[in-house]
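As structure tokens, the structure follows; a few thoughts come after it.
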Amino acid sequence: MRVMTGTNVPVLYTTPVSANGRKTIAVARHLSLDVEIASVDVYRGEGQTPAYRSLNPWGKVPTLVDGNTVLWESNAILVYFSEVLGDYALSSRDPKRRADMLRWMFWEASHWQPVLTRVLAPRVAQILFSKPEPAIPSNWNDPELATLLQVLGAKVDTGFVCGPEICLADFALAGMTTYFRAAGFPEDEHPSVARWMARINQVPAWSSSAVDPWRAC
């Protein structure tokens with residue numbers, strides 16, 4: 001990994017192997033943005049180099065550099081892509097609709113991702129670092145996760161998170177579903193969420209952002 005200098009286009013430091021990294025790549029593609037992708041393999045320690053830590057003090061992905069603007073936190077980058085570089089595509093100039101999207105993006109960061117991280121981390125780490133089998137089961141019956149899946153399922157039963165069209169909130173929430181198949185997501189028990197995932201997987205920018213080891217699972 002090298003920190004790029006002198007570029008005239010925004011640079012997104014990331015990896016599609018990461019759920020948070022993948023969703024920023026997918027939104028950049030969906031909006032057809034002129035963004036350079038710089039690979040940072042955080043699973044091999046590349047996020048901890050002094051050069052990268054000068055951009056992102058946490059050593060995580062993604063990080064966006066656009067001129068003098070340096071952004072980390074994946075959902076903030078999604079908003080920047082949409083509203084600064086994408087003329088509000090996937091977002092909205094209507095403050096009420098925009099607030100609804102942001103509500104779900106905040107929910108993703110404060111509830112959805114933390115709970116899923118706790119439940120999925122053992123199996124995800126086993127695959128990422130090629131640890132010996134047998135597979136570590138994921139606890140899909142975790143009470144807190146069950147509530148989150150129920151809430152999301154009721155919201156996306158026949159469409160997307162904020163209506164009939166995909167928006168930033170869908171991409172934000174879809175990030176963690178990158179690991180669902182590998183972790184044995186019980187689709188039959190959560191059909192509404194499974195249908196929502198299927199709709200997102202039909203979006204070319206999302207499906208094309210899938211990479212191994214998750215694509216092979």
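In the structure tokens, each chain is lettered A, B, ... as it comes, each chain's residues begin at 1, and ligands are numbered from 1 in order of appearance.
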
Need the shell around Val27 in chain A: protein/DNA/RNA residues with any atom at most 9 Å away, counting only C-alpha atoms. Skip same-chain ones fewer than 4 positions apart. Format as a PDB file with N, CA and C atoms, in the first residue's frame?
```pdb
ATOM      1  N   ARG A  22     -16.260  -2.533   1.054  1.00  0.00           N
ATOM      2  CA  ARG A  22     -17.030  -2.922  -0.120  1.00  0.00           C
ATOM      3  C   ARG A  22     -18.150  -1.933  -0.411  1.00  0.00           C
ATOM      4  N   LYS A  23     -18.852  -1.474   0.619  1.00  0.00           N
ATOM      5  CA  LYS A  23     -20.017  -0.625   0.330  1.00  0.00           C
ATOM      6  C   LYS A  23     -19.617   0.718  -0.262  1.00  0.00           C
ATOM      7  N   LEU A  31     -22.675   5.271  -8.763  1.00  0.00           N
ATOM      8  CA  LEU A  31     -22.797   6.677  -9.157  1.00  0.00           C
ATOM      9  C   LEU A  31     -21.859   7.040 -10.304  1.00  0.00           C
ATOM     10  N   SER A  32     -21.100   6.054 -10.802  1.00  0.00           N
ATOM     11  CA  SER A  32     -20.140   6.279 -11.894  1.00  0.00           C
ATOM     12  C   SER A  32     -19.180   7.420 -11.572  1.00  0.00           C
ATOM     13  N   LEU A  33     -18.651   7.428 -10.353  1.00  0.00           N
ATOM     14  CA  LEU A  33     -17.754   8.488  -9.921  1.00  0.00           C
ATOM     15  C   LEU A  33     -16.333   8.233 -10.414  1.00  0.00           C
ATOM     16  N   LEU A  78     -20.060   7.589   2.161  1.00  0.00           N
ATOM     17  CA  LEU A  78     -21.225   7.392   1.293  1.00  0.00           C
ATOM     18  C   LEU A  78     -21.974   8.701   1.075  1.00  0.00           C
ATOM     19  N   PHE A  81     -19.930  10.950  -1.237  1.00  0.00           N
ATOM     20  CA  PHE A  81     -20.048  10.503  -2.624  1.00  0.00           C
ATOM     21  C   PHE A  81     -21.355  10.984  -3.236  1.00  0.00           C
ATOM     22  N   SER A  82     -22.437  10.822  -2.493  1.00  0.00           N
ATOM     23  CA  SER A  82     -23.749  11.171  -3.029  1.00  0.00           C
ATOM     24  C   SER A  82     -23.943  12.676  -3.160  1.00  0.00           C
ATOM     25  N   LEU A  90     -28.921   8.857  -4.934  1.00  0.00           N
ATOM     26  CA  LEU A  90     -29.040   7.918  -3.813  1.00  0.00           C
ATOM     27  C   LEU A  90     -29.378   8.603  -2.495  1.00  0.00           C
ATOM     28  N   LEU A 168     -28.915   5.331  -0.221  1.00  0.00           N
ATOM     29  CA  LEU A 168     -27.676   5.166   0.529  1.00  0.00           C
ATOM     30  C   LEU A 168     -27.828   4.222   1.705  1.00  0.00           C
ATOM     31  N   PHE A 171     -27.266   0.557   0.829  1.00  0.00           N
ATOM     32  CA  PHE A 171     -25.862   0.203   0.673  1.00  0.00           C
ATOM     33  C   PHE A 171     -25.170   0.127   2.029  1.00  0.00           C
ATOM     34  N   ALA A 205     -23.672  -2.685  -9.466  1.00  0.00           N
ATOM     35  CA  ALA A 205     -22.551  -2.123  -8.699  1.00  0.00           C
ATOM     36  C   ALA A 205     -22.294  -2.913  -7.421  1.00  0.00           C
ATOM     37  N   TRP A 206     -23.358  -3.468  -6.850  1.00  0.00           N
ATOM     38  CA  TRP A 206     -23.203  -4.264  -5.641  1.00  0.00           C
ATOM     39  C   TRP A 206     -22.688  -5.665  -5.970  1.00  0.00           C
TER      40      TRP A 206
END
```

For this session: Would you list the contacts of range 149-153 of chain A as a PyMOL selection string, taking every protein, DNA or RNA residue within 8 Å and counting only C-alpha atoms, but skipping same-chain residues closer than 3 positions in sequence?
Result: chain A and resi 145-146+156-157+161+190-193

For this session: Do a neighbour search on Val17 in chain A at 10 Å with only C-alpha atoms, toss out local chain neighbours closer than 5 positions, and write the hits as a PyMOL selection string.
Result: chain A and resi 22+41-43+128+178-179+209-215

Exercise. From the set A:Val84, A:Ile136, A:Ile166, A:Ala174, which residue has the shortest atom-to-atom contact distance to Gly21 in chain A, counting only C-alpha atoms?
Worked result: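 Of all the options, A:Ala174 lies closest to Gly21 in chain A.
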
For this session: From the DSSP assignment of the backbone, select every residue of range 93-129 of chain A that is alpha helix (DSSP H), and format the answer as a count of residues only.
Result: 29
